[in-house]
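upload27.tsv (TSV, C-alpha atoms)
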chain	number	residue	atom	x	y	z
P	1	MET	CA	3.70	-10.14	21.62
P	2	SER	CA	0.40	-8.25	21.64
P	3	ALA	CA	-2.74	-9.90	20.31
P	4	PRO	CA	-3.30	-9.28	16.59
P	5	VAL	CA	-5.71	-6.51	15.62
P	6	VAL	CA	-7.00	-8.45	12.59
P	7	THR	CA	-6.78	-12.19	11.87
P	8	ALA	CA	-8.03	-14.40	9.06
P	9	ARG	CA	-7.77	-18.16	9.05
P	10	ASN	CA	-8.44	-20.18	5.87
P	11	LEU	CA	-10.79	-17.40	4.80
P	12	GLY	CA	-12.91	-17.92	1.69
P	13	LYS	CA	-15.68	-15.99	0.00
P	14	ALA	CA	-17.95	-17.09	-2.82
P	15	ILE	CA	-20.86	-15.36	-4.52
P	16	GLY	CA	-23.10	-18.02	-5.95
P	17	ARG	CA	-20.76	-20.49	-7.60
P	18	LYS	CA	-18.04	-17.92	-8.18
P	19	ALA	CA	-15.17	-18.06	-5.67
P	20	ILE	CA	-13.79	-14.59	-4.93
P	21	LEU	CA	-11.36	-15.38	-2.08
P	22	HIS	CA	-9.51	-18.63	-1.45
P	23	ASP	CA	-7.97	-19.97	1.77
P	24	ILE	CA	-6.48	-16.70	3.06
P	25	THR	CA	-4.56	-16.77	6.33
P	26	VAL	CA	-3.12	-13.43	7.51
P	27	GLU	CA	-2.83	-11.35	10.65
P	28	VAL	CA	-2.12	-7.72	11.52
P	29	GLN	CA	-0.11	-6.72	14.57
P	30	PRO	CA	-0.84	-3.47	16.46
P	31	GLY	CA	1.05	-0.50	15.03
P	32	SER	CA	1.49	-2.04	11.57
P	33	VAL	CA	0.80	-0.22	8.31
P	34	VAL	CA	-0.24	-2.93	5.86
P	35	GLY	CA	-0.25	-2.08	2.16
P	36	ILE	CA	-2.57	-4.24	0.06
P	37	ILE	CA	-1.71	-4.47	-3.63
P	38	GLY	CA	-3.16	-6.42	-6.55
P	39	LYS	CA	-4.60	-6.00	-10.00
P	40	ASN	CA	-8.20	-4.94	-10.61
P	41	GLY	CA	-10.48	-7.83	-9.72
P	42	ALA	CA	-7.88	-9.58	-7.57
P	43	GLY	CA	-10.20	-9.49	-4.53
P	44	LYS	CA	-8.74	-6.64	-2.44
P	45	SER	CA	-12.03	-4.84	-1.75
P	46	THR	CA	-13.86	-8.11	-1.06
P	47	LEU	CA	-11.14	-9.07	1.41
P	48	MET	CA	-11.58	-5.77	3.26
P	49	ASP	CA	-15.37	-6.16	3.29
P	50	VAL	CA	-15.14	-9.64	4.82
P	51	LEU	CA	-12.46	-8.68	7.35
P	52	LEU	CA	-14.62	-5.77	8.55
P	53	GLY	CA	-17.82	-7.83	8.65
P	54	PHE	CA	-19.67	-6.02	5.86
P	55	SER	CA	-20.00	-9.36	4.09
P	56	PRO	CA	-19.98	-12.85	5.67
P	57	ALA	CA	-17.21	-15.32	4.93
P	58	SER	CA	-18.17	-18.49	3.06
P	59	SER	CA	-15.48	-20.48	4.83
P	60	GLY	CA	-12.83	-20.00	7.48
P	61	SER	CA	-12.92	-17.16	9.99
P	62	SER	CA	-11.90	-13.56	10.55
P	63	HIS	CA	-11.63	-11.52	13.75
P	64	VAL	CA	-11.09	-7.86	14.63
P	65	PHE	CA	-9.85	-7.02	18.14
P	66	GLY	CA	-10.63	-10.63	19.07
P	67	HIS	CA	-14.28	-10.53	17.93
P	68	ASP	CA	-15.84	-12.34	15.00
P	69	SER	CA	-15.88	-9.86	12.11
P	70	PHE	CA	-19.51	-10.44	11.15
P	71	THR	CA	-20.86	-9.88	14.67
P	72	LEU	CA	-18.68	-7.00	15.86
P	73	PRO	CA	-20.07	-5.20	18.93
P	74	GLY	CA	-20.80	-1.49	18.58
P	75	GLU	CA	-17.90	-0.50	20.83
P	76	VAL	CA	-15.50	-2.40	18.56
P	77	ARG	CA	-16.92	-0.82	15.39
P	78	GLY	CA	-16.36	2.52	17.11
P	79	ARG	CA	-12.62	1.78	17.16
P	80	ILE	CA	-12.53	1.45	13.36
P	81	GLY	CA	-12.26	4.17	10.72
P	82	PHE	CA	-13.13	3.16	7.14
P	83	VAL	CA	-12.79	4.96	3.82
P	84	PRO	CA	-14.59	2.91	1.13
P	85	GLN	CA	-13.80	2.98	-2.57
P	86	GLN	CA	-17.20	4.59	-3.22
P	87	ASP	CA	-18.15	7.12	-0.56
P	88	GLU	CA	-21.37	6.73	1.42
P	89	LEU	CA	-22.03	10.42	2.00
P	90	VAL	CA	-25.55	11.88	2.19
P	91	SER	CA	-26.09	14.17	-0.81
P	92	MET	CA	-28.36	16.70	0.91
P	93	LEU	CA	-26.03	17.25	3.89
P	94	ASN	CA	-23.05	19.59	3.87
P	95	GLY	CA	-19.61	18.77	5.25
P	96	ARG	CA	-20.21	20.39	8.63
P	97	GLN	CA	-23.45	18.46	9.11
P	98	HIS	CA	-21.64	15.22	8.27
P	99	VAL	CA	-19.02	15.97	10.93
P	100	ASP	CA	-21.64	16.83	13.55
P	101	MET	CA	-23.66	13.68	12.79
P	102	THR	CA	-20.62	11.37	12.82
P	103	ALA	CA	-19.25	12.91	16.02
P	104	ALA	CA	-22.62	12.48	17.74
P	105	LEU	CA	-22.90	8.84	16.65
P	106	LEU	CA	-19.40	7.93	17.81
P	107	GLY	CA	-19.48	9.93	21.04
P	108	ARG	CA	-15.92	11.23	20.69
P	109	TRP	CA	-14.30	13.56	18.20
P	110	ASN	CA	-11.06	15.49	17.77
P	111	ARG	CA	-12.38	18.85	16.52
P	112	GLU	CA	-8.92	20.35	16.47
P	113	LEU	CA	-7.74	17.60	14.09
P	114	THR	CA	-10.67	17.82	11.69
P	115	ASP	CA	-10.65	21.63	11.68
P	116	ARG	CA	-6.95	21.56	10.84
P	117	LEU	CA	-7.44	19.05	8.03
P	118	GLN	CA	-10.41	20.96	6.63
P	119	ARG	CA	-8.33	24.15	6.43
P	120	ALA	CA	-5.23	22.39	5.05
P	121	TRP	CA	-7.26	20.57	2.38
P	122	GLY	CA	-9.38	23.61	1.47
P	123	LEU	CA	-12.57	21.62	2.03
P	124	PRO	CA	-15.78	23.72	1.72
P	125	MET	CA	-17.71	22.50	4.75
P	126	ASP	CA	-20.83	24.61	4.05
P	127	ARG	CA	-21.44	23.10	0.59
P	128	HIS	CA	-23.85	20.19	0.08
P	129	VAL	CA	-22.18	16.91	-0.84
P	130	GLN	CA	-24.00	16.76	-4.17
P	131	LYS	CA	-22.16	19.94	-5.19
P	132	LEU	CA	-18.70	18.71	-4.20
P	133	SER	CA	-16.16	17.45	-6.72
P	134	GLY	CA	-14.99	13.83	-6.59
P	135	GLY	CA	-11.78	14.87	-4.86
P	136	GLU	CA	-13.64	16.97	-2.29
P	137	ARG	CA	-15.98	14.08	-1.50
P	138	GLN	CA	-12.98	11.83	-0.98
P	139	LYS	CA	-11.33	14.37	1.33
P	140	LEU	CA	-14.53	14.57	3.38
P	141	SER	CA	-14.73	10.76	3.62
P	142	ILE	CA	-11.15	10.63	4.86
P	143	LEU	CA	-11.79	13.40	7.38
P	144	LEU	CA	-14.82	11.53	8.75
P	145	ALA	CA	-12.76	8.35	9.12
P	146	LEU	CA	-9.98	10.15	11.01
P	147	GLY	CA	-11.96	12.40	13.32
P	148	HIS	CA	-12.53	9.89	16.11
P	149	GLU	CA	-8.85	8.81	16.01
P	150	PRO	CA	-9.59	5.13	15.34
P	151	ASP	CA	-7.35	2.34	16.59
P	152	LEU	CA	-7.77	0.62	13.19
P	153	LEU	CA	-7.92	2.71	10.01
P	154	VAL	CA	-8.95	0.87	6.83
P	155	LEU	CA	-8.51	2.65	3.50
P	156	ASP	CA	-9.78	1.24	0.20
P	157	GLU	CA	-8.31	3.29	-2.67
P	158	PRO	CA	-8.53	6.52	-0.61
P	159	VAL	CA	-6.54	8.76	-2.97
P	160	ALA	CA	-7.90	7.74	-6.39
P	161	ALA	CA	-9.72	11.07	-6.91
P	162	LEU	CA	-7.12	13.32	-5.28
P	163	ASP	CA	-4.77	15.59	-7.19
P	164	PRO	CA	-1.02	15.14	-6.56
P	165	ILE	CA	-0.84	17.96	-3.97
P	166	ALA	CA	-3.85	16.66	-2.01
P	167	ARG	CA	-2.46	13.13	-2.23
P	168	ARG	CA	0.85	14.24	-0.76
P	169	GLN	CA	-0.94	16.11	2.06
P	170	PHE	CA	-2.96	12.99	2.84
P	171	LEU	CA	0.14	10.77	2.88
P	172	GLN	CA	1.88	13.18	5.23
P	173	GLU	CA	-1.12	12.98	7.55
P	174	LEU	CA	-1.14	9.20	7.25
P	175	LEU	CA	2.52	9.07	8.32
P	176	LEU	CA	1.62	11.08	11.42
P	177	ILE	CA	-1.30	8.76	12.16
P	178	ALA	CA	0.83	5.67	11.67
P	179	GLY	CA	3.38	7.08	14.08
P	180	SER	CA	0.86	7.05	16.95
P	181	PRO	CA	1.53	4.16	19.36
P	182	GLY	CA	-0.79	1.24	18.69
P	183	ARG	CA	-2.46	2.81	15.64
P	184	THR	CA	-2.95	0.21	12.89
P	185	VAL	CA	-3.61	0.88	9.19
P	186	LEU	CA	-4.78	-1.27	6.26
P	187	PHE	CA	-4.22	0.65	3.03
P	188	SER	CA	-5.21	-0.57	-0.44
P	189	THR	CA	-4.21	1.50	-3.47
P	190	HIS	CA	-3.17	1.15	-7.11
P	191	ILE	CA	-0.55	3.86	-6.58
P	192	VAL	CA	2.13	1.46	-5.42
P	193	SER	CA	4.74	4.19	-4.92
P	194	ASP	CA	2.51	5.67	-2.18
P	195	LEU	CA	2.56	2.38	-0.27
P	196	GLU	CA	6.33	2.30	-0.42
P	197	ARG	CA	6.39	5.58	1.52
P	198	VAL	CA	4.09	4.52	4.36
P	199	ALA	CA	3.75	0.71	4.61
P	200	ASP	CA	5.94	-1.63	6.64
P	201	GLN	CA	3.98	-4.77	5.70
P	202	ILE	CA	2.67	-5.88	2.29
P	203	TRP	CA	-0.14	-8.21	1.29
P	204	MET	CA	0.01	-9.09	-2.39
P	205	VAL	CA	-3.36	-10.35	-3.63
P	206	ARG	CA	-3.60	-12.35	-6.84
P	207	GLU	CA	-6.68	-14.16	-8.14
P	208	GLY	CA	-8.37	-14.19	-4.76
P	209	THR	CA	-5.52	-15.35	-2.60
P	210	VAL	CA	-2.68	-13.64	-0.72
P	211	VAL	CA	0.54	-14.74	-2.40
P	212	TRP	CA	2.76	-12.66	-0.11
P	213	ALA	CA	2.17	-11.40	3.41
P	214	GLY	CA	5.15	-10.02	5.27
P	215	PRO	CA	7.54	-7.12	5.81
P	216	LEU	CA	8.10	-4.84	2.84
P	217	ASP	CA	11.88	-5.03	3.33
P	218	GLU	CA	11.81	-8.84	3.15
P	219	LEU	CA	9.75	-8.74	-0.04
P	220	LYS	CA	12.15	-6.31	-1.69
P	221	GLU	CA	15.15	-8.43	-0.66
P	222	SER	CA	13.59	-11.66	-1.95
P	223	VAL	CA	12.73	-10.42	-5.47
P	224	VAL	CA	15.75	-8.90	-7.25
P	225	ARG	CA	17.10	-8.21	-10.71
P	226	LEU	CA	20.37	-9.93	-11.68
P	227	SER	CA	22.65	-8.37	-14.29
P	228	ILE	CA	24.87	-11.14	-15.66
P	229	THR	CA	27.98	-10.73	-17.82
P	230	ALA	CA	29.53	-14.10	-18.68
P	231	ARG	CA	32.82	-15.09	-20.29
P	232	GLN	CA	30.98	-17.36	-22.71
P	233	ARG	CA	27.55	-17.41	-24.35
P	234	LEU	CA	24.76	-17.96	-21.89
P	235	PRO	CA	22.03	-20.59	-22.46
P	236	ALA	CA	18.57	-19.28	-23.31
P	237	ASP	CA	17.22	-21.18	-20.29
P	238	LEU	CA	19.30	-19.72	-17.46
P	239	PRO	CA	20.22	-22.24	-14.72
P	240	VAL	CA	19.11	-19.82	-12.00
P	241	PRO	CA	16.54	-20.90	-9.36
P	242	GLY	CA	13.36	-18.83	-9.05
P	243	VAL	CA	13.54	-17.00	-12.40
P	244	VAL	CA	10.40	-14.90	-12.94
P	245	SER	CA	11.51	-13.34	-16.23
P	246	ALA	CA	14.76	-13.27	-18.18
P	247	SER	CA	16.31	-11.67	-21.24
P	248	VAL	CA	19.43	-13.39	-22.65
P	249	GLN	CA	21.60	-11.90	-25.40
P	250	GLY	CA	24.85	-13.73	-25.99
P	251	HIS	CA	27.20	-13.15	-23.05
P	252	ARG	CA	24.76	-10.88	-21.22
P	253	ALA	CA	21.48	-11.44	-19.42
P	254	ASN	CA	19.05	-9.74	-17.10
P	255	ALA	CA	16.86	-11.89	-14.88
P	256	VAL	CA	14.28	-11.15	-12.21
P	257	VAL	CA	14.46	-13.80	-9.50
P	258	SER	CA	12.01	-14.59	-6.70
P	259	GLY	CA	13.12	-16.19	-3.44
P	260	TRP	CA	16.59	-14.70	-3.74
P	261	ASN	CA	19.20	-15.55	-1.11
P	262	GLU	CA	22.37	-13.45	-1.08
P	263	ALA	CA	24.33	-16.51	0.03
P	264	ALA	CA	23.70	-18.05	-3.42
P	265	LEU	CA	25.67	-15.32	-5.20
P	266	PRO	CA	29.22	-16.86	-5.08
P	267	GLY	CA	27.95	-20.22	-6.34
P	268	LEU	CA	25.95	-18.58	-9.12
P	269	ARG	CA	28.99	-16.63	-10.30
P	270	GLU	CA	30.99	-19.86	-10.42
P	271	THR	CA	28.26	-21.87	-12.19
P	272	LEU	CA	27.78	-19.23	-14.90
P	273	ASP	CA	31.45	-18.23	-15.04
P	274	ALA	CA	30.18	-14.67	-14.94
P	275	ASP	CA	30.07	-11.39	-13.10
P	276	VAL	CA	26.66	-11.10	-11.42
P	277	GLU	CA	25.34	-7.85	-9.99
P	278	VAL	CA	22.23	-7.73	-7.77
P	279	GLU	CA	19.77	-4.84	-8.03
P	280	LEU	CA	16.93	-4.27	-5.57
P	281	LEU	CA	13.62	-3.32	-7.21
P	282	SER	CA	11.14	-0.64	-6.27
P	283	LEU	CA	7.81	-1.97	-5.02
P	284	GLU	CA	6.18	-0.82	-8.26
P	285	ASP	CA	8.73	-2.62	-10.45
P	286	LEU	CA	8.49	-5.68	-8.27
P	287	PHE	CA	4.68	-5.72	-8.55
P	288	VAL	CA	4.82	-5.39	-12.35
P	289	GLU	CA	7.37	-8.22	-12.65
P	290	LEU	CA	5.36	-10.61	-10.47
P	291	HIS	CA	2.14	-9.87	-12.38
P	292	SER	CA	3.48	-9.82	-15.93

Write the structure described by the file as structure tokens, please.
Amino acid sequence: MSAPVVTARNLGKAIGRKAILHDITVEVQPGSVVGIIGKNGAGKSTLMDVLLGFSPASSGSSHVFGHDSFTLPGEVRGRIGFVPQQDELVSMLNGRQHVDMTAALLGRWNRELTDRLQRAWGLPMDRHVQKLSGGERQKLSILLALGHEPDLLVLDEPVAALDPIARRQFLQELLLIAGSPGRTVLFSTHIVSDLERVADQIWMVREGTVVWAGPLDELKESVVRLSITARQRLPADLPVPGVVSASVQGHRANAVVSGWNEAALPGLRETLDADVEVELLSLEDLFVELHS
């Protein structure tokens, strides 16, 4: 197996006496598209900042391409593309000047790619940033992160200001990027349905820790909704392991279960003397259930 692109071991971050991240251990393999989901304030942006070395860890360690995140060499930073939640564009420069400056700093640039994206996204490259709309600024930030074809692309809420058409165009481009051999993506967004289209791995962040890190398919198979129809009244407290939420009405019940194992189904049907149907949840429904 190839060396991980990103690793964190027992990672923690505190600001003053307030702990933001707690004992996070994760890794990212080359070619993965990792979707990061969590409620506002869960610690997603702080986690990205620490992983990329913008902010030092308070405990534990993190590495990118084998180097300590907080002391990344310039050549390693040149392999990373980053779209922050709040853009860092220079107001008095126009889009074309931003491209020229970024290309000169990085020393390599795919002009054909950025010209194509600029035309497809209708981005006015001769207009100063201060006169661009929020969506146009976000498009320009994305374009600047993609132009040098980074080995690691990190996106923190990259589509929040985009309209539905622009968002779809961006996701189509992201699928092309993710299809490149060895290209790795970390993608945080509140639009969970977007992650379901592009991610193969999910990190679920809750209250400063990662409560799930693994393949999207495994997550969706482990959290399911059970529809139960029994031949007698069901107890209010269902004897079902891993119940996250349940609604019981007489002979019928619906229950969302975490840690589901399909092999448990025959025994559950016998225990409840019931017909039990298993329904897989969308990532959005799954996220809501686990955070309700």

Within 12 Å of range 4-18 of chain P, which residues of range 127-210 of chain P come that close, and what is the closest atom pair and distance in Å for each? Count all atoms listed in the file and give it as JSON lines.
{"residue": "P:Asp151", "atom": "CA", "partner": "P:Val5", "partner_atom": "CA", "distance": 9.1}
{"residue": "P:Leu152", "atom": "CA", "partner": "P:Val5", "partner_atom": "CA", "distance": 7.8}
{"residue": "P:Leu153", "atom": "CA", "partner": "P:Val5", "partner_atom": "CA", "distance": 11.0}
{"residue": "P:Val154", "atom": "CA", "partner": "P:Val6", "partner_atom": "CA", "distance": 11.1}
{"residue": "P:Gly182", "atom": "CA", "partner": "P:Val5", "partner_atom": "CA", "distance": 9.7}
{"residue": "P:Arg183", "atom": "CA", "partner": "P:Val5", "partner_atom": "CA", "distance": 9.9}
{"residue": "P:Thr184", "atom": "CA", "partner": "P:Val5", "partner_atom": "CA", "distance": 7.8}
{"residue": "P:Val185", "atom": "CA", "partner": "P:Val5", "partner_atom": "CA", "distance": 10.0}
{"residue": "P:Leu186", "atom": "CA", "partner": "P:Val6", "partner_atom": "CA", "distance": 9.8}
{"residue": "P:Glu207", "atom": "CA", "partner": "P:Lys18", "partner_atom": "CA", "distance": 12.0}
{"residue": "P:Gly208", "atom": "CA", "partner": "P:Gly12", "partner_atom": "CA", "distance": 8.7}
{"residue": "P:Thr209", "atom": "CA", "partner": "P:Gly12", "partner_atom": "CA", "distance": 8.9}
{"residue": "P:Val210", "atom": "CA", "partner": "P:Leu11", "partner_atom": "CA", "distance": 10.5}

Against range 198-203 of chain P, which residues of range 22-54 of chain P fall within 12 Å? For each one I want the closest pair of atoms and the distance in Å (one decimal), counting all atoms listed in the file, rows by chain and increasing residue number, as CSV.
residue,atom,partner,partner_atom,distance
P:Ile24,CA,P:Trp203,CA,10.7
P:Thr25,CA,P:Trp203,CA,10.9
P:Val26,CA,P:Trp203,CA,8.6
P:Glu27,CA,P:Trp203,CA,10.2
P:Val28,CA,P:Gln201,CA,8.9
P:Gln29,CA,P:Gln201,CA,10.0
P:Pro30,CA,P:Gln201,CA,11.9
P:Gly31,CA,P:Asp200,CA,9.8
P:Ser32,CA,P:Asp200,CA,6.7
P:Val33,CA,P:Ala199,CA,4.8
P:Val34,CA,P:Gln201,CA,4.6
P:Gly35,CA,P:Ile202,CA,4.8
P:Ile36,CA,P:Trp203,CA,4.8
P:Ile37,CA,P:Trp203,CA,6.4
P:Gly38,CA,P:Trp203,CA,8.6
P:Ala42,CA,P:Trp203,CA,11.8
P:Gly43,CA,P:Trp203,CA,11.7
P:Lys44,CA,P:Trp203,CA,9.5
P:Leu47,CA,P:Trp203,CA,11.0
P:Met48,CA,P:Trp203,CA,11.9

Neighbour list for range 244-250 of chain P as an mmCIF file with C-alpha atoms, in the coordinates of the input, cut-off 12 Å, all atoms listed in the file, skip fewer than 4 positions in-chain:
data_model
loop_
_atom_site.group_PDB
_atom_site.id
_atom_site.type_symbol
_atom_site.label_atom_id
_atom_site.label_comp_id
_atom_site.auth_asym_id
_atom_site.auth_seq_id
_atom_site.Cartn_x
_atom_site.Cartn_y
_atom_site.Cartn_z
ATOM 1 C CA SER P 222 13.590 -11.660 -1.950
ATOM 2 C CA VAL P 223 12.730 -10.420 -5.470
ATOM 3 C CA VAL P 224 15.750 -8.900 -7.250
ATOM 4 C CA ARG P 225 17.100 -8.210 -10.710
ATOM 5 C CA LEU P 226 20.370 -9.930 -11.680
ATOM 6 C CA SER P 227 22.650 -8.370 -14.290
ATOM 7 C CA ILE P 228 24.870 -11.140 -15.660
ATOM 8 C CA THR P 229 27.980 -10.730 -17.820
ATOM 9 C CA ALA P 230 29.530 -14.100 -18.680
ATOM 10 C CA ARG P 231 32.820 -15.090 -20.290
ATOM 11 C CA GLN P 232 30.980 -17.360 -22.710
ATOM 12 C CA ARG P 233 27.550 -17.410 -24.350
ATOM 13 C CA LEU P 234 24.760 -17.960 -21.890
ATOM 14 C CA PRO P 235 22.030 -20.590 -22.460
ATOM 15 C CA ALA P 236 18.570 -19.280 -23.310
ATOM 16 C CA ASP P 237 17.220 -21.180 -20.290
ATOM 17 C CA LEU P 238 19.300 -19.720 -17.460
ATOM 18 C CA PRO P 239 20.220 -22.240 -14.720
ATOM 19 C CA VAL P 240 19.110 -19.820 -12.000
ATOM 20 C CA ASN P 254 19.050 -9.740 -17.100
ATOM 21 C CA ALA P 255 16.860 -11.890 -14.880
ATOM 22 C CA VAL P 256 14.280 -11.150 -12.210
ATOM 23 C CA VAL P 257 14.460 -13.800 -9.500
ATOM 24 C CA SER P 258 12.010 -14.590 -6.700
ATOM 25 C CA GLY P 259 13.120 -16.190 -3.440
ATOM 26 C CA TRP P 260 16.590 -14.700 -3.740
ATOM 27 C CA LEU P 286 8.490 -5.680 -8.270
ATOM 28 C CA PHE P 287 4.680 -5.720 -8.550
ATOM 29 C CA VAL P 288 4.820 -5.390 -12.350
ATOM 30 C CA GLU P 289 7.370 -8.220 -12.650
ATOM 31 C CA LEU P 290 5.360 -10.610 -10.470
ATOM 32 C CA HIS P 291 2.140 -9.870 -12.380
ATOM 33 C CA SER P 292 3.480 -9.820 -15.930
#

Review point. Could you state the separation of CA of Ser59 in chain P and CA of Pro215 in chain P in Å, given to one decimal place?
Key: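 Atom-to-atom, CA of Ser59 in chain P to CA of Pro215 in chain P, that is 26.6 Å.
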
Exercise for review: Have a look at CA of Leu117 in chain P and CA of Glu88 in chain P and let me know their distance in Å, one decimal.
Suggested key: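 These two atoms are separated by 19.7 Å.
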
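Picture a line from CA of Thr46 in chain P to CA of Gly74 in chain P; it runs 21.9 Å.
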